[in-house]
Amino acid sequence: MTNPVAKLLGALPPGVRLVAGGTVVLGASSYIFLALAGHGLDTTQVAGVSMLWTLVMSVGYGLFSPVELELNRLVAARDVAGHGPGPAIRRVLLATAAVLAVVLAGVAVAARPIADRFFSGDIGLVAGMGGALVGLAVSSVARGALAGLGRFGAYGLQLGVDGGLRIGLAALIPLFGVHSAFAFSLILVVAPLAASVIGMRSVLADRRGGPAPAWRDVVTGLGLLTGSTLLAQLMVNAAVVSVGVLSPSSKALIAALLNAVVLARVPLFAYAAIQASLVSSLSGAAAAGNHAEFRKVLLRTGGIVALMCTAAGVPTVILGPWAIRLFFKAQDVLGPLDFLWLSLGTLCYMLATVFGQALLSLGRHQRQLLSWLAGTVVLVAVTAAPGAIATRVELAYLAGAAVSAAAMLWALARSLSAPVATAVEPGATMAARQSSEV
């Protein structure tokens, strides 16, 4: 009899198991890094390091996560056509460097206000933030190239080395008697850069040539994808922020809702191990015009996401109110129905993310962005409706994510019903593809 676990793993896109270990290490390193900082620094320094980590992860993710996804798509399509990754990497790297230069110039100009506002006047942490953004930008390029070539062993190794260095270096700093927030900030620079060098070794060995992607494709793709990423981040984080804006005196509700959102979003961490191989598999199938394989990977991934959300959501709905009181000392202001709306919202949000990656793989960046925009409009409308504030923000999350997912599914159905020749072709420009969409 077939092992159900083995059957489930076999249904995952190729490479997921190789990436999963690195994802776990990198995810755990965030918590351990902050915990070690808490034990080695005073309260003010800990607050500065925590704020640094939050800013780098939020701003950096919005800016450079699209770099990894777009380069993944470009390299996978080129690989199917027999072209090497080098020309695509160089152009995406230059575009990323341009964005990074603008951001770093802004940080340099506003260094003193940033230090006073976020880091209790510690200008060293502003420098650390700039360096951490450089590390994140470089690592995004490396991961995008590795995923596009299907080298998920090296991809997982890069994630694991990055996380392992963060843990190891954070543990060493106090042992040497160093109690400096700046020293901890340098870890967020050194770890991703060192891991990227290891990851890029196998990419640089690929000497295949081929035409470079058009600058218009690169810039347009990154711009549209950045918009989609920012809207998606707004949607998934809107509930707590909305309560803080609309009812700032509801401190107990804000704290409890933050804890509830963390529990409801547990499946998102598991999805991180799927995303890279999903985009690579879908992009390869799209470039080859293989709609049957494209649908197969998409249906399997959607089914697995639904199973993950169900497996995590049922206990969350039942035990969530008790769990946040026990582990987070939250007040008794949320019930099972609140957790149900949040869990269903996470299911719809993850399906929207899967469908969005599929649209990305087909080069339908504009449709992905418009779908997130439609969901955001619905989210704002439901949030502004009359009723209990907690219920409003929870239903807004669910409704916004559901509308985004439905819009993307409709866009996918239209794209996949077109003749194979209209699928993403290596020689076609994104501008031409998108002009036929609108």
# chains A, B, ... in the order shown; residues from 1 in each chain; ligands from 1
>>> residues_around(residues="stretch 345-352 of chain A", least_positions_apart="3", cutoff="8 Å", atoms="only C-alpha atoms", output="PyMOL selection string")
chain A and resi 236+264-265+268+302+305-306+309+341-342+355-356+394-395+397-399+401-402+404-406+408
>>> write_last_selection(atoms="C-alpha atoms", output="PDB file, in the first residue's frame")
ATOM      1  CA  VAL A 236      -2.325  40.020   4.263  1.00  0.00           C
ATOM      2  CA  ALA A 264      -3.965  31.638  10.817  1.00  0.00           C
ATOM      3  CA  ARG A 265      -1.008  32.349   8.530  1.00  0.00           C
ATOM      4  CA  LEU A 268       2.144  30.570   4.383  1.00  0.00           C
ATOM      5  CA  GLY A 302      -3.679  24.267  -5.679  1.00  0.00           C
ATOM      6  CA  VAL A 305      -2.377  24.352  -0.706  1.00  0.00           C
ATOM      7  CA  ALA A 306      -6.047  23.621   0.033  1.00  0.00           C
ATOM      8  CA  CYS A 309      -4.903  25.190   4.857  1.00  0.00           C
ATOM      9  CA  TRP A 341     -12.852  34.026   8.861  1.00  0.00           C
ATOM     10  CA  LEU A 342      -9.080  34.456   9.201  1.00  0.00           C
ATOM     11  CA  PHE A 355      -2.806  31.650  -9.382  1.00  0.00           C
ATOM     12  CA  GLY A 356      -0.690  34.803  -9.405  1.00  0.00           C
ATOM     13  CA  GLU A 394     -11.677  39.726   9.182  1.00  0.00           C
ATOM     14  CA  LEU A 395     -14.374  39.587   6.491  1.00  0.00           C
ATOM     15  CA  TYR A 397      -9.423  40.015   4.436  1.00  0.00           C
ATOM     16  CA  LEU A 398     -11.546  37.048   3.319  1.00  0.00           C
ATOM     17  CA  ALA A 399     -13.508  38.994   0.710  1.00  0.00           C
ATOM     18  CA  ALA A 401      -8.462  37.572  -1.032  1.00  0.00           C
ATOM     19  CA  ALA A 402     -11.430  35.694  -2.532  1.00  0.00           C
ATOM     20  CA  SER A 404      -8.299  38.421  -6.073  1.00  0.00           C
ATOM     21  CA  ALA A 405      -8.227  34.626  -6.381  1.00  0.00           C
ATOM     22  CA  ALA A 406     -11.392  34.568  -8.502  1.00  0.00           C
ATOM     23  CA  MET A 408      -6.805  35.484 -11.315  1.00  0.00           C
TER      24      MET A 408
END
>>> closest_residue(among="A:Ser140, A:Leu263, A:His365, A:Thr353", to="A:Phe339", atoms="only C-alpha atoms")
A:Leu263
>>> closest_residue(among="A:Val46, A:Ala88, A:Val393, A:Met57", to="A:Arg208", atoms="only C-alpha atoms")
A:Ala88
>>> residues_around(residues="A:Leu360", least_positions_apart="4", cutoff="8 Å", atoms="only C-alpha atoms", output="list in words")
Glu70, Arg73, Val279, Gly356, Arg364, His365 and Gln368 of chain A
>>> closest_residue(among="A:Val382, A:Leu362, A:Ala181, A:Met129", to="A:Gly40", atoms="only C-alpha atoms")
A:Ala181
>>> closest_residue(among="A:Leu52, A:Ala145, A:Ala388, A:Leu93", to="A:Leu125", atoms="only C-alpha atoms")
A:Leu52
>>> closest_residue(among="A:Gly38, A:Gly313, A:Pro66, A:Gly135", to="A:Gly227", atoms="only C-alpha atoms")
A:Pro66
>>> atom_distance(atom1="atom CA of A:Val354", atom2="atom CA of A:Trp215")
26.7 Å
>>> atom_distance(atom1="atom CA of A:Leu307", atom2="atom CA of A:Tyr155")
25.5 Å
>>> closest_residue(among="A:Thr96, A:Ser228, A:Ser280, A:Ser250", to="A:Val80", atoms="only C-alpha atoms")
A:Ser280
>>> atom_distance(atom1="atom CA of A:Val297", atom2="atom CA of A:Ser196")
28.4 Å
>>> residues_around(residues="A:Leu222", least_positions_apart="3", cutoff="8 Å", atoms="only C-alpha atoms", output="PyMOL selection string")
chain A and resi 66-67+70+218-219+225-226
